[in-house]
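Q: Next comes protein17.txt, compact mmCIF, C-alpha atoms:
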```
# COMPACT_ATOMS: atom_id res chain seq x y z
CA MET A 1 -25.64 51.36 47.28
CA LEU A 2 -24.91 47.64 47.27
CA LEU A 3 -23.69 45.45 50.08
CA HIS A 4 -20.49 43.89 48.76
CA VAL A 5 -19.94 40.14 48.66
CA PRO A 6 -17.17 40.17 51.32
CA GLN A 7 -19.59 41.91 53.70
CA LEU A 8 -22.21 39.25 53.09
CA ARG A 9 -19.72 36.44 53.53
CA SER A 10 -18.81 37.79 56.95
CA TRP A 11 -22.37 36.95 58.02
CA LEU A 12 -22.16 33.36 56.82
CA VAL A 13 -21.82 31.83 60.28
CA CYS A 14 -24.17 29.70 62.34
CA SER A 15 -27.04 31.88 63.52
CA HIS A 16 -30.14 31.60 65.67
CA VAL A 17 -33.60 31.55 64.19
CA HIS A 18 -34.59 35.00 65.48
CA ASP A 19 -32.17 36.67 63.03
CA PRO A 20 -33.64 37.49 59.59
CA HIS A 21 -32.76 34.84 57.03
CA ILE A 22 -33.56 34.32 53.38
CA LEU A 23 -33.18 31.23 51.25
CA CYS A 24 -32.04 32.54 47.89
CA PRO A 25 -34.86 31.75 45.44
CA GLN A 26 -32.33 31.29 42.62
CA CYS A 27 -29.62 29.07 44.17
CA ASP A 28 -31.09 27.94 47.55
CA LEU A 29 -28.23 29.37 49.65
CA LEU A 30 -29.21 30.36 53.19
CA VAL A 31 -28.16 33.97 53.83
CA ALA A 32 -28.42 35.98 57.05
CA ILE A 33 -29.66 39.51 56.39
CA PRO A 34 -28.25 42.23 58.68
CA GLU A 35 -29.69 45.66 59.33
CA ILE A 36 -29.77 47.36 55.94
CA ALA A 37 -29.41 51.13 55.65
CA VAL A 38 -31.66 53.20 53.39
CA GLY A 39 -30.52 52.88 49.80
CA GLN A 40 -28.78 49.54 50.33
CA LYS A 41 -29.67 46.12 49.00
CA ALA A 42 -28.51 42.66 50.03
CA LYS A 43 -27.37 40.25 47.35
CA CYS A 44 -26.74 36.52 47.43
CA PRO A 45 -22.97 35.94 47.64
CA ARG A 46 -23.18 32.93 45.34
CA CYS A 47 -25.47 33.89 42.44
CA HIS A 48 -25.65 37.68 43.13
CA THR A 49 -29.45 37.75 43.10
CA THR A 50 -30.94 40.73 44.95
CA LEU A 51 -32.63 39.30 48.04
CA THR A 52 -34.05 42.45 49.60
CA SER A 53 -33.56 46.20 49.54
CA ARG A 54 -34.48 49.10 51.76
CA TRP A 55 -36.12 52.21 50.33
CA LYS A 56 -36.73 55.58 51.89
CA GLU A 57 -40.40 55.91 52.81
CA PRO A 58 -41.28 52.34 51.72
CA ARG A 59 -45.01 53.04 52.10
CA ARG A 60 -45.58 56.53 50.76
CA ARG A 61 -43.23 56.37 47.77
CA PRO A 62 -44.77 53.29 46.07
CA ILE A 63 -48.27 54.61 46.80
CA ALA A 64 -47.44 57.98 45.22
CA TYR A 65 -46.01 56.33 42.11
CA ALA A 66 -48.92 53.87 41.83
CA VAL A 67 -51.65 56.52 42.26
CA SER A 68 -49.95 58.80 39.72
CA ALA A 69 -49.59 55.88 37.31
CA LEU A 70 -53.29 55.04 37.53
CA PHE A 71 -54.22 58.67 36.91
CA MET A 72 -51.98 58.78 33.83
CA LEU A 73 -53.50 55.51 32.58
CA LEU A 74 -56.95 57.04 32.88
CA LEU A 75 -55.87 60.13 30.93
CA SER A 76 -54.21 58.04 28.23
CA ASN A 77 -57.55 56.34 27.50
CA LEU A 78 -59.62 59.52 27.22
CA PHE A 79 -58.04 61.29 24.23
CA PRO A 80 -56.55 60.40 20.83
CA PHE A 81 -53.33 58.41 21.13
CA VAL A 82 -51.70 58.54 17.67
CA ASN A 83 -52.75 59.92 14.26
CA MET A 84 -51.73 59.65 10.61
CA LYS A 85 -52.35 61.54 7.36
CA VAL A 86 -51.96 60.05 3.87
CA ALA A 87 -52.85 61.94 0.67
CA GLY A 88 -55.19 64.27 2.54
CA LEU A 89 -56.94 61.49 4.43
CA GLY A 90 -56.53 61.40 8.19
CA SER A 91 -56.90 58.70 10.81
CA GLU A 92 -56.55 58.75 14.57
CA VAL A 93 -57.01 56.14 17.23
CA THR A 94 -57.39 56.03 21.00
CA LEU A 95 -55.93 53.28 23.18
CA ILE A 96 -59.35 51.81 23.85
CA GLN A 97 -60.06 51.61 20.10
CA ILE A 98 -57.09 49.31 19.42
CA PRO A 99 -58.75 46.16 20.85
CA GLN A 100 -62.07 47.18 19.29
CA VAL A 101 -60.54 47.20 15.81
CA LEU A 102 -58.85 43.85 16.42
CA VAL A 103 -62.16 42.34 17.55
CA SER A 104 -63.87 43.68 14.41
CA ASP A 105 -61.24 41.82 12.34
CA ASP A 106 -62.03 38.56 14.19
CA TYR A 107 -58.81 38.73 16.19
CA ALA A 108 -60.36 38.80 19.65
CA SER A 109 -57.40 36.80 21.00
CA MET A 110 -54.93 39.56 20.07
CA ALA A 111 -57.32 42.18 21.43
CA SER A 112 -57.48 40.26 24.71
CA LEU A 113 -53.68 40.10 24.88
CA PHE A 114 -53.46 43.87 24.46
CA MET A 115 -56.12 44.60 27.09
CA ILE A 116 -54.70 42.12 29.60
CA LEU A 117 -50.96 42.82 29.22
CA VAL A 118 -51.04 46.59 28.63
CA GLN A 119 -54.05 47.81 30.61
CA LEU A 120 -55.71 45.31 32.94
CA MET A 121 -52.69 43.68 34.63
CA PRO A 122 -50.77 46.96 35.14
CA ALA A 123 -53.89 48.55 36.65
CA ILE A 124 -54.40 45.58 39.01
CA CYS A 125 -50.74 45.71 40.05
CA MET A 126 -50.90 49.44 40.81
CA LEU A 127 -54.06 48.98 42.88
CA SER A 128 -52.40 46.09 44.72
CA ILE A 129 -49.38 48.25 45.60
CA ILE A 130 -51.66 50.96 46.98
CA ILE A 131 -53.60 48.49 49.15
CA LEU A 132 -50.52 46.60 50.39
CA CYS A 133 -48.50 49.71 51.25
CA GLN A 134 -51.30 51.65 52.93
CA GLY A 135 -51.13 49.50 56.04
CA THR A 136 -54.90 49.72 56.55
CA SER A 137 -56.57 47.08 58.65
CA MET A 138 -58.28 44.38 56.62
CA PRO A 139 -58.70 40.62 56.98
CA SER A 140 -55.35 38.88 56.63
CA HIS A 141 -56.61 36.47 53.96
CA TRP A 142 -57.51 39.47 51.76
CA GLN A 143 -54.02 40.91 52.12
CA ILE A 144 -52.47 37.53 51.36
CA SER A 145 -54.63 37.10 48.24
CA ILE A 146 -53.74 40.59 47.00
CA ALA A 147 -50.01 40.04 47.58
CA ARG A 148 -50.09 36.67 45.83
CA THR A 149 -51.92 38.19 42.86
CA TYR A 150 -49.51 41.12 42.62
CA PHE A 151 -46.32 39.08 42.56
CA ARG A 152 -47.78 36.64 40.05
CA LEU A 153 -49.00 39.31 37.61
CA LYS A 154 -46.02 41.65 37.86
CA ALA A 155 -43.92 39.77 35.27
CA TRP A 156 -46.75 39.98 32.72
CA CYS A 157 -47.08 43.77 32.64
CA MET A 158 -45.78 44.88 29.22
CA VAL A 159 -46.43 48.61 29.12
CA GLU A 160 -42.85 49.54 28.21
CA ILE A 161 -42.79 46.91 25.45
CA PHE A 162 -46.00 48.31 23.96
CA LEU A 163 -44.52 51.82 24.07
CA ALA A 164 -41.45 50.57 22.18
CA GLY A 165 -43.80 48.96 19.67
CA VAL A 166 -45.57 52.29 19.13
CA LEU A 167 -42.25 53.99 18.38
CA VAL A 168 -41.33 51.24 15.90
CA SER A 169 -44.75 51.70 14.25
CA PHE A 170 -44.00 55.40 13.75
CA VAL A 171 -40.83 54.62 11.84
CA LYS A 172 -42.63 52.06 9.68
CA LEU A 173 -45.38 54.52 8.77
CA MET A 174 -43.17 57.52 8.03
CA ALA A 175 -42.59 56.20 4.51
CA TYR A 176 -46.34 56.37 3.77
CA GLY A 177 -47.46 59.64 5.36
CA ASP A 178 -47.31 62.02 8.28
CA VAL A 179 -47.48 60.36 11.68
CA GLY A 180 -48.14 62.28 14.89
CA VAL A 181 -48.90 61.72 18.55
CA GLY A 182 -52.15 62.66 20.22
CA THR A 183 -52.91 64.18 23.59
CA SER A 184 -52.94 60.79 25.32
CA PHE A 185 -49.47 59.78 24.18
CA TYR A 186 -47.67 61.87 26.80
CA PRO A 187 -49.73 60.59 29.78
CA PHE A 188 -49.05 57.05 28.56
CA VAL A 189 -45.29 57.68 28.54
CA LEU A 190 -45.58 59.00 32.11
CA PHE A 191 -47.69 55.97 33.04
CA CYS A 192 -44.93 53.68 31.77
CA ILE A 193 -42.24 55.50 33.79
CA LEU A 194 -44.34 55.70 36.98
CA GLN A 195 -45.30 52.04 36.79
CA LEU A 196 -41.66 50.97 36.50
CA ARG A 197 -40.75 53.15 39.48
CA ALA A 198 -43.62 51.71 41.54
CA PHE A 199 -42.38 48.18 40.80
CA GLN A 200 -38.81 49.16 41.64
CA CYS A 201 -39.71 50.65 45.02
CA THR A 202 -41.82 47.70 46.15
CA ASP A 203 -39.62 45.14 47.90
CA ARG A 204 -41.04 41.64 47.99
CA TYR A 205 -39.47 40.62 51.31
CA TRP A 206 -40.63 43.82 53.03
CA ILE A 207 -44.17 43.53 51.66
CA TRP A 208 -44.63 40.01 52.99
CA GLN A 209 -43.20 41.00 56.38
CA GLN A 210 -45.91 43.68 56.57
CA VAL A 211 -48.67 41.29 55.50
CA ALA A 212 -47.89 38.63 58.12
CA PRO A 213 -44.90 37.35 60.10
CA ALA A 214 -43.07 34.35 58.69
CA PRO A 215 -43.68 30.99 60.40
CA LYS A 216 -41.15 30.28 63.14
CA LEU A 217 -38.67 27.46 62.80
CA GLU A 218 -37.77 25.53 65.93
CA ARG A 219 -34.27 24.64 64.77
CA SER A 220 -30.88 26.25 64.25
CA LEU A 221 -29.89 27.32 60.77
CA ARG A 222 -26.54 26.81 59.07
CA VAL A 223 -25.95 29.97 57.10
CA GLY A 224 -23.88 29.53 53.95
CA GLU A 225 -25.33 26.09 53.15
CA SER A 226 -28.18 25.17 50.87
CA GLY A 227 -31.67 24.84 52.31
CA LEU A 228 -32.11 21.38 50.83
CA SER A 229 -29.08 20.04 52.73
CA GLN A 230 -30.71 21.27 55.97
CA GLY A 231 -34.15 19.87 55.22
CA LEU A 232 -35.54 23.32 54.42
CA ARG A 233 -37.31 24.89 51.48
CA SER A 234 -38.33 28.40 50.49
CA CYS A 235 -41.95 29.29 49.76
CA HIS A 236 -41.92 30.39 46.12
CA CYS A 237 -44.64 32.93 46.86
CA CYS A 238 -43.74 34.73 50.13
CA MET A 239 -40.07 33.64 50.64
CA ALA A 240 -40.84 32.08 54.05
CA ILE A 241 -38.43 29.33 55.18
CA LEU A 242 -40.28 26.06 55.77
CA PRO A 243 -39.42 22.45 56.60
CA VAL A 244 -38.93 20.51 53.39
CA ASP A 245 -41.78 18.11 54.18
CA GLN A 246 -44.30 20.92 54.83
CA LYS A 247 -46.42 21.20 51.68
CA LYS A 248 -48.48 24.30 52.56
CA CYS A 249 -46.94 27.59 53.68
CA GLY A 250 -48.19 28.79 57.06
CA ARG A 251 -48.14 32.45 55.95
CA CYS A 252 -49.52 32.63 52.38
CA GLU A 253 -51.13 29.15 52.31
CA THR A 254 -49.45 28.38 48.99
CA SER A 255 -48.69 24.72 48.32
CA GLY A 256 -45.18 23.91 47.16
CA TYR A 257 -42.22 21.56 47.19
CA ALA A 258 -38.50 21.79 47.77
CA ARG A 259 -38.13 22.02 43.99
CA ARG A 260 -40.76 22.84 41.40
CA LYS A 261 -42.52 19.58 40.69
CA ASN A 262 -41.60 18.11 37.28
CA SER A 263 -39.78 21.33 36.43
CA LEU A 264 -37.66 19.94 33.60
CA GLN A 265 -40.54 17.95 32.11
CA TRP A 266 -42.86 20.98 32.02
CA THR A 267 -40.11 23.20 30.67
CA MET A 268 -39.25 20.80 27.84
CA ALA A 269 -42.92 20.26 26.96
CA LEU A 270 -43.51 24.01 26.67
CA LEU A 271 -40.25 24.46 24.77
CA ILE A 272 -41.06 21.76 22.20
CA THR A 273 -44.55 23.19 21.69
CA SER A 274 -43.11 26.68 21.14
CA ILE A 275 -40.64 25.31 18.57
CA PHE A 276 -43.46 23.67 16.61
CA LEU A 277 -45.37 26.98 16.59
CA TYR A 278 -42.30 29.10 15.83
CA ILE A 279 -41.77 27.55 12.39
CA PRO A 280 -45.22 28.46 10.95
CA ALA A 281 -45.10 31.79 12.80
CA ASN A 282 -42.12 32.76 10.65
CA LEU A 283 -43.43 31.25 7.42
CA MET A 284 -46.98 32.59 7.56
CA PRO A 285 -47.91 36.28 7.14
CA ILE A 286 -48.15 38.32 10.33
CA MET A 287 -50.02 41.19 8.64
CA ILE A 288 -51.58 42.19 5.31
CA THR A 289 -51.00 45.66 3.89
CA GLN A 290 -53.67 46.71 1.40
CA VAL A 291 -52.58 49.57 -0.88
CA LEU A 292 -55.00 50.79 -3.59
CA GLY A 293 -57.00 47.60 -3.18
CA SER A 294 -53.99 45.31 -3.68
CA PRO A 295 -53.20 43.10 -0.63
CA MET A 296 -49.53 42.47 0.23
CA PRO A 297 -48.92 39.77 2.86
CA SER A 298 -45.82 40.27 5.01
CA THR A 299 -43.87 37.85 7.17
CA ILE A 300 -41.58 38.87 10.05
CA MET A 301 -38.44 38.50 7.96
CA ALA A 302 -40.01 40.30 5.00
CA GLY A 303 -40.73 43.26 7.26
CA VAL A 304 -37.11 43.34 8.39
CA VAL A 305 -35.89 43.25 4.76
CA LEU A 306 -38.30 46.03 3.78
CA LEU A 307 -37.18 48.30 6.61
CA TRP A 308 -33.53 47.64 5.79
CA SER A 309 -34.05 48.41 2.09
CA GLU A 310 -35.76 51.69 3.01
CA GLY A 311 -32.76 52.75 5.11
CA SER A 312 -34.40 52.27 8.53
CA TYR A 313 -31.42 50.27 9.79
CA PRO A 314 -31.91 50.78 13.58
CA VAL A 315 -35.58 49.75 13.47
CA ALA A 316 -34.80 46.79 11.19
CA MET A 317 -32.18 45.66 13.70
CA VAL A 318 -34.63 46.05 16.60
CA ILE A 319 -37.23 43.85 14.86
CA LEU A 320 -34.58 41.34 13.76
CA ILE A 321 -33.16 41.03 17.28
CA ALA A 322 -36.50 41.04 19.15
CA SER A 323 -38.52 38.86 16.77
CA ILE A 324 -35.96 36.52 15.20
CA MET A 325 -32.77 36.33 17.24
CA VAL A 326 -34.19 36.60 20.78
CA PRO A 327 -36.86 33.84 20.43
CA THR A 328 -34.38 31.54 18.66
CA LEU A 329 -31.58 32.08 21.17
CA LYS A 330 -34.04 31.86 24.05
CA MET A 331 -35.26 28.43 22.95
CA ILE A 332 -31.68 27.24 22.50
CA ALA A 333 -30.74 28.62 25.94
CA ILE A 334 -33.70 26.97 27.69
CA GLY A 335 -32.86 23.63 26.08
CA TRP A 336 -29.22 24.06 27.15
CA LEU A 337 -30.24 24.83 30.73
CA CYS A 338 -32.45 21.75 30.91
CA TRP A 339 -29.69 19.56 29.49
CA ASP A 340 -26.98 20.81 31.85
CA ALA A 341 -29.25 20.83 34.91
CA ASN A 342 -29.90 17.12 34.33
CA SER A 343 -26.32 16.11 33.50
CA ASN A 344 -23.52 14.85 35.74
CA LYS A 345 -20.71 16.62 33.92
CA GLU A 346 -18.77 19.56 35.36
CA ILE A 347 -20.41 22.85 34.33
CA ASP A 348 -19.88 26.54 34.92
CA ARG A 349 -22.87 27.17 37.15
CA GLU A 350 -22.36 30.91 37.47
CA ARG A 351 -22.38 31.28 33.69
CA LEU A 352 -25.51 29.13 33.38
CA HIS A 353 -27.22 31.25 36.01
CA VAL A 354 -26.39 34.41 34.06
CA ILE A 355 -27.86 32.79 30.95
CA TYR A 356 -31.04 31.98 32.88
CA GLU A 357 -31.40 35.57 34.12
CA VAL A 358 -30.89 36.95 30.61
CA VAL A 359 -33.45 34.51 29.19
CA GLU A 360 -35.99 35.46 31.85
CA PHE A 361 -35.49 39.20 31.26
CA VAL A 362 -35.30 39.56 27.45
CA GLY A 363 -37.84 36.91 26.41
CA ARG A 364 -40.87 39.14 26.96
CA TRP A 365 -39.44 41.79 24.60
CA SER A 366 -40.22 39.54 21.64
CA MET A 367 -43.84 40.69 22.06
CA ILE A 368 -42.85 44.02 20.51
CA ASP A 369 -43.71 42.84 16.98
CA VAL A 370 -47.21 41.79 18.10
CA PHE A 371 -47.83 45.24 19.57
CA VAL A 372 -46.51 46.87 16.39
CA ILE A 373 -49.10 44.97 14.38
CA ALA A 374 -51.85 45.93 16.85
CA VAL A 375 -51.02 49.64 16.51
CA LEU A 376 -50.70 49.51 12.72
CA SER A 377 -53.96 47.59 12.32
CA ALA A 378 -55.87 50.08 14.45
CA LEU A 379 -54.36 53.25 12.96
CA VAL A 380 -54.06 52.50 9.25
CA ARG A 381 -57.71 52.25 8.17
CA MET A 382 -58.18 54.41 5.07
CA GLY A 383 -60.35 52.22 2.88
CA GLN A 384 -58.95 51.22 -0.51
CA LEU A 385 -56.15 53.78 -0.27
CA MET A 386 -54.30 51.99 2.49
CA SER A 387 -55.29 49.57 5.26
CA ILE A 388 -53.39 47.10 7.43
CA TYR A 389 -54.84 43.92 8.92
CA PRO A 390 -53.32 41.32 11.27
CA ASP A 391 -52.89 37.77 10.04
CA ILE A 392 -52.52 34.31 11.57
CA GLY A 393 -48.72 34.58 11.88
CA ALA A 394 -49.08 37.30 14.53
CA LEU A 395 -51.24 35.07 16.72
CA LEU A 396 -48.83 32.15 16.33
CA PHE A 397 -45.88 34.36 17.20
CA ALA A 398 -47.64 35.73 20.30
CA SER A 399 -48.26 32.12 21.37
CA VAL A 400 -44.54 31.36 20.95
CA VAL A 401 -43.57 34.32 23.16
CA ILE A 402 -46.06 33.35 25.88
CA LEU A 403 -45.03 29.68 25.82
CA THR A 404 -41.32 30.51 26.09
CA MET A 405 -42.08 32.84 29.00
CA PHE A 406 -43.93 30.01 30.74
CA ALA A 407 -41.01 27.68 29.94
CA ALA A 408 -38.55 30.06 31.64
CA MET A 409 -40.90 30.38 34.64
CA THR A 410 -41.37 26.64 35.10
CA PHE A 411 -37.62 25.99 34.97
CA ASP A 412 -36.23 25.84 38.51
CA PRO A 413 -32.82 27.64 38.54
CA ARG A 414 -31.90 25.92 41.82
CA LEU A 415 -31.41 22.72 39.82
CA ILE A 416 -28.31 24.34 38.33
CA TRP A 417 -26.70 24.48 41.80
CA ASP A 418 -28.02 21.24 43.33
CA ARG A 419 -25.36 18.95 41.88
CA ALA A 420 -22.60 21.26 43.08
CA VAL A 421 -24.05 21.05 46.61
CA MET A 422 -24.28 17.25 46.44
CA LYS A 423 -20.71 17.02 45.17
CA SER A 424 -19.34 19.24 47.96
CA ALA A 425 -21.27 17.17 50.53
CA LYS A 426 -19.64 13.97 49.27
CA GLU A 427 -16.08 15.31 49.16
CA PRO A 428 -15.35 15.04 52.94
CA GLN A 429 -16.68 11.47 52.94
CA ASP A 430 -14.57 10.50 49.97
CA GLY A 431 -11.51 12.12 51.49
CA GLY A 432 -11.94 10.13 54.70
CA LYS A 433 -12.00 6.76 52.97
```
Turn the structure described in the file into C-alpha cells.

A:
Amino acid sequence: MLLHVPQLRSWLVCSHVHDPHILCPQCDLLVAIPEIAVGQKAKCPRCHTTLTSRWKEPRRRPIAYAVSALFMLLLSNLFPFVNMKVAGLGSEVTLIQIPQVLVSDDYASMASLFMILVQLMPAICMLSIIILCQGTSMPSHWQISIARTYFRLKAWCMVEIFLAGVLVSFVKLMAYGDVGVGTSFYPFVLFCILQLRAFQCTDRYWIWQQVAPAPKLERSLRVGESGLSQGLRSCHCCMAILPVDQKKCGRCETSGYARRKNSLQWTMALLITSIFLYIPANLMPIMITQVLGSPMPSTIMAGVVLLWSEGSYPVAMVILIASIMVPTLKMIAIGWLCWDANSNKEIDRERLHVIYEVVEFVGRWSMIDVFVIAVLSALVRMGQLMSIYPDIGALLFASVVILTMFAAMTFDPRLIWDRAVMKSAKEPQDGGK
C-alpha cells in the first residue's frame, strides 16, 4: 500500500528536528515521514522515489529469506547444473566449473566477473542482512562497516541476470542437441527468488536507524524545500541529514559533499571510455564455435541474425535489446542527462528523472550476453565434434557494461532539480523589483 502524494504534501509544513525527516537522495527535497503502517511506503512527492517502507517482522523475514538463499546457493554448487547431449556424446557442468573452464581458456577476467557478480557478492549481501537484522550486540564500527558494504554491493548482484542468460543458452543449444537441467538448477532458481525477496524486505532507512541514531541537528527544518537551500546535505551512505559544510558523517563516518564531487566530469569520462570500447566490442568476435574442427567466429549481431534465421525470434529480440539497443540507448541517455543537467534552458525535470531511473535499472541487464557466453563455453566441450570458446569481444563488452553502470552511479540526479530550485528562489526577488 502506498502513501499517496496528497497525503505526503499535507506534511510539508515547518517541523521540529525531533520528527523523522529524509532528504530525498534523488531530488534533495526535505520530506517529513509520519508513522507508517505495516505494508505502507513513503514516496517523495516531487520525484516519487521510495524513501522508506515498513515491513511486517522487519528482522525475522529478511533473515529467513537470507538464510534460505544461502542454503540454496550451497546446494546449487554441489551437483550438476546443466547438461547436453550431441550425437551420443554428453557433457555436464556444475556452477563451480564455469569459472574453472574460463580460467583454463586464459579468460581469468571473465571467470572473476562470474564468481564476483553471481556468487561472492550475493553471498556477502545475504550474510550482511543476517548480521544487521539479528540485532546482536557487536562493536558499532563493525555494524557500520557491514552496512556500508551491503548497500554498496547490492547493486552489483546479478543472479537473476545470470539465470536469464542460462535460459537463453538453452534456446541457442537446442538446435545442436538435447539440453537438460541438473539437480542444482532448481536450488539456484530458488536462490534467485529468495535473494530478491531478501533485498526487497530490507529497508535502508530502517537498517541505519537500528545500527546507530542519526546525528542531531540543532536547527529547524523547512519541509518541502531542498536541503541545499537550507545549508543541508544528505549522507549518500546512511541518509543522515548533515550541515552542508560537514565533510564526514557522524553516524557512518563516510566523507561526502552536498553534491557528488566532479559528478558530470566523471560521468562523461566513463561514458566516453565506454563508447570507445563499445565499437570494437561489436566488431570483434565474442565467441568461437568449433564444429568438426572448423572454427566459426561470431559477433553479437551475427548471433542475433543466426537466432532470427533459425526461428528463435523471442530470444533473438532479447539479445538484440539487451546487447545492442540497451547499451546504445543508455549511453545516449547518460550523455543527454549530463547535457541537460549543465544547461540553463527550460527542461522537463520529471521526464529526465524517469530516464535516469530507467537507465540505472536496465543497464545491468546488458551483462546477459556475457553470462550466455560463460555458460556455453563451460558446457559445450566435446572435442573436435563441437566446442565453444569465449573471445576478446566478450571481455570488451563486459567492460562497456561495467563502465556504463559506473557512469550512471557517478551521475548525481539532484543536479537535474538544482536549477529549478535556484529559479524558484529568484522569482520572489525578481517580482519585488

Q: Atom CA of Arg222 of chain A and atom CA of Pro243 of chain A are how many Å apart?

A: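 Separation of atom CA of Arg222 of chain A and atom CA of Pro243 of chain A: 13.8 Å.
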
Q: Which residue, A:Gly231, A:Pro80, A:Pro297, A:Pro99, has the smallest gap to Asp28 of chain A when you use all atoms listed in the file?

A: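 Comparing A:Gly231, A:Pro80, A:Pro297, A:Pro99 against Asp28 of chain A, the winner is A:Gly231.
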
Q: For the atom pair atom CA of Ala240 of chain A and atom CA of Ala214 of chain A, what is the interatomic distance in Å to one decimal place?

A: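 Between atom CA of Ala240 of chain A and atom CA of Ala214 of chain A the gap is 5.6 Å.
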
Q: Set the distance at 7 Å and use all atoms listed in the file: which residues neighbour Leu153 of chain A once local chain neighbours fewer than 4 positions away are removed? I'd like the list as a list of chain:residue names.

A: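 The neighbour list is A:Met121, A:Thr149, A:Cys157.
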
Q: Of the candidates A:Leu277, A:Tyr107, A:Ile300, A:Thr202, which one gets nearest to Ile319 of chain A if we count all atoms listed in the file?

A: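 Closest residue, counting all atoms listed in the file: A:Ile300.
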
Q: My list of candidates is A:Arg197, A:Arg414, A:Lys41, A:Arg233. Which is closest to Gln26 of chain A when distances are computed with all atoms listed in the file?

A: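 Comparing A:Arg197, A:Arg414, A:Lys41, A:Arg233 against Gln26 of chain A, the winner is A:Arg414.
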
Q: How many Å separate atom CA of Tyr257 of chain A from atom CA of Arg152 of chain A?

A: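 Interatomic distance, atom CA of Tyr257 of chain A to atom CA of Arg152 of chain A: 17.6 Å.
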
Q: Please tabulate, as JSON lines, the residues of segment 35-143 of chain A that come within 7 Å of segment 181-196 of chain A, each with its closest pair of atoms and the distance in Å to one decimal, counting only C-alpha atoms and ordering rows by chain, then residue number upward.

A:
```
{"residue": "A:Tyr65", "atom": "CA", "partner": "A:Leu194", "partner_atom": "CA", "distance": 5.4}
{"residue": "A:Ala66", "atom": "CA", "partner": "A:Gln195", "partner_atom": "CA", "distance": 6.5}
{"residue": "A:Ser68", "atom": "CA", "partner": "A:Leu194", "partner_atom": "CA", "distance": 7.0}
{"residue": "A:Ala69", "atom": "CA", "partner": "A:Phe191", "partner_atom": "CA", "distance": 4.7}
{"residue": "A:Met72", "atom": "CA", "partner": "A:Pro187", "partner_atom": "CA", "distance": 5.0}
{"residue": "A:Leu73", "atom": "CA", "partner": "A:Phe191", "partner_atom": "CA", "distance": 5.8}
{"residue": "A:Leu75", "atom": "CA", "partner": "A:Pro187", "partner_atom": "CA", "distance": 6.3}
{"residue": "A:Ser76", "atom": "CA", "partner": "A:Ser184", "partner_atom": "CA", "distance": 4.2}
{"residue": "A:Asn77", "atom": "CA", "partner": "A:Ser184", "partner_atom": "CA", "distance": 6.8}
{"residue": "A:Phe79", "atom": "CA", "partner": "A:Ser184", "partner_atom": "CA", "distance": 5.2}
{"residue": "A:Pro80", "atom": "CA", "partner": "A:Gly182", "partner_atom": "CA", "distance": 5.0}
{"residue": "A:Phe81", "atom": "CA", "partner": "A:Gly182", "partner_atom": "CA", "distance": 4.5}
{"residue": "A:Val82", "atom": "CA", "partner": "A:Val181", "partner_atom": "CA", "distance": 4.3}
{"residue": "A:Asn83", "atom": "CA", "partner": "A:Val181", "partner_atom": "CA", "distance": 6.0}
```

Q: Find the residues around Val211 of chain A up to 9 Å (all atoms listed in the file counted), leave out those fewer than 3 positions away in its own chain, and share them as number ranges by chain.

A: A: 132, 135, 140, 143-144, 147, 206-208, 251

Q: Smallest atom-to-atom distance to Val166 of chain A: which of A:Ile63, A:Ile332, A:Leu376, A:Met317, using all atoms listed in the file?

A: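 Comparing A:Ile63, A:Ile332, A:Leu376, A:Met317 against Val166 of chain A, the winner is A:Leu376.
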
Q: Limit the output to N, CA, C and O atoms and give segment 212-220 of chain A as a PDB file, in the first residue's frame.

A:
```
ATOM      1  N   ALA A 212      22.655   2.794  14.272  1.00  0.00           N
ATOM      2  CA  ALA A 212      23.021   3.918  15.142  1.00  0.00           C
ATOM      3  C   ALA A 212      22.056   5.066  14.883  1.00  0.00           C
ATOM      4  O   ALA A 212      21.550   5.216  13.766  1.00  0.00           O
ATOM      5  N   PRO A 213      21.773   5.877  15.898  1.00  0.00           N
ATOM      6  CA  PRO A 213      20.888   7.033  15.673  1.00  0.00           C
ATOM      7  C   PRO A 213      21.564   8.068  14.784  1.00  0.00           C
ATOM      8  O   PRO A 213      22.789   8.218  14.789  1.00  0.00           O
ATOM      9  N   ALA A 214      20.752   8.790  14.026  1.00  0.00           N
ATOM     10  CA  ALA A 214      21.289   9.834  13.162  1.00  0.00           C
ATOM     11  C   ALA A 214      21.780  11.009  13.998  1.00  0.00           C
ATOM     12  O   ALA A 214      21.244  11.282  15.075  1.00  0.00           O
ATOM     13  N   PRO A 215      22.811  11.709  13.543  1.00  0.00           N
ATOM     14  CA  PRO A 215      23.282  12.891  14.283  1.00  0.00           C
ATOM     15  C   PRO A 215      22.179  13.937  14.405  1.00  0.00           C
ATOM     16  O   PRO A 215      21.393  14.145  13.478  1.00  0.00           O
ATOM     17  N   LYS A 216      22.106  14.584  15.558  1.00  0.00           N
ATOM     18  CA  LYS A 216      21.066  15.585  15.788  1.00  0.00           C
ATOM     19  C   LYS A 216      21.453  16.918  15.159  1.00  0.00           C
ATOM     20  O   LYS A 216      22.617  17.310  15.151  1.00  0.00           O
ATOM     21  N   LEU A 217      20.439  17.597  14.655  1.00  0.00           N
ATOM     22  CA  LEU A 217      20.633  18.918  14.068  1.00  0.00           C
ATOM     23  C   LEU A 217      20.033  19.974  14.995  1.00  0.00           C
ATOM     24  O   LEU A 217      18.858  19.879  15.358  1.00  0.00           O
ATOM     25  N   GLU A 218      20.825  20.932  15.378  1.00  0.00           N
ATOM     26  CA  GLU A 218      20.344  21.990  16.263  1.00  0.00           C
ATOM     27  C   GLU A 218      19.798  23.155  15.438  1.00  0.00           C
ATOM     28  O   GLU A 218      20.300  24.280  15.500  1.00  0.00           O
ATOM     29  N   ARG A 219      18.800  22.879  14.630  1.00  0.00           N
ATOM     30  CA  ARG A 219      18.187  23.928  13.816  1.00  0.00           C
ATOM     31  C   ARG A 219      16.822  23.443  13.362  1.00  0.00           C
ATOM     32  O   ARG A 219      16.548  22.235  13.339  1.00  0.00           O
ATOM     33  N   SER A 220      15.949  24.361  13.019  1.00  0.00           N
ATOM     34  CA  SER A 220      14.639  23.991  12.484  1.00  0.00           C
ATOM     35  C   SER A 220      14.765  23.672  11.007  1.00  0.00           C
ATOM     36  O   SER A 220      15.658  24.189  10.314  1.00  0.00           O
TER      37      SER A 220
END
```
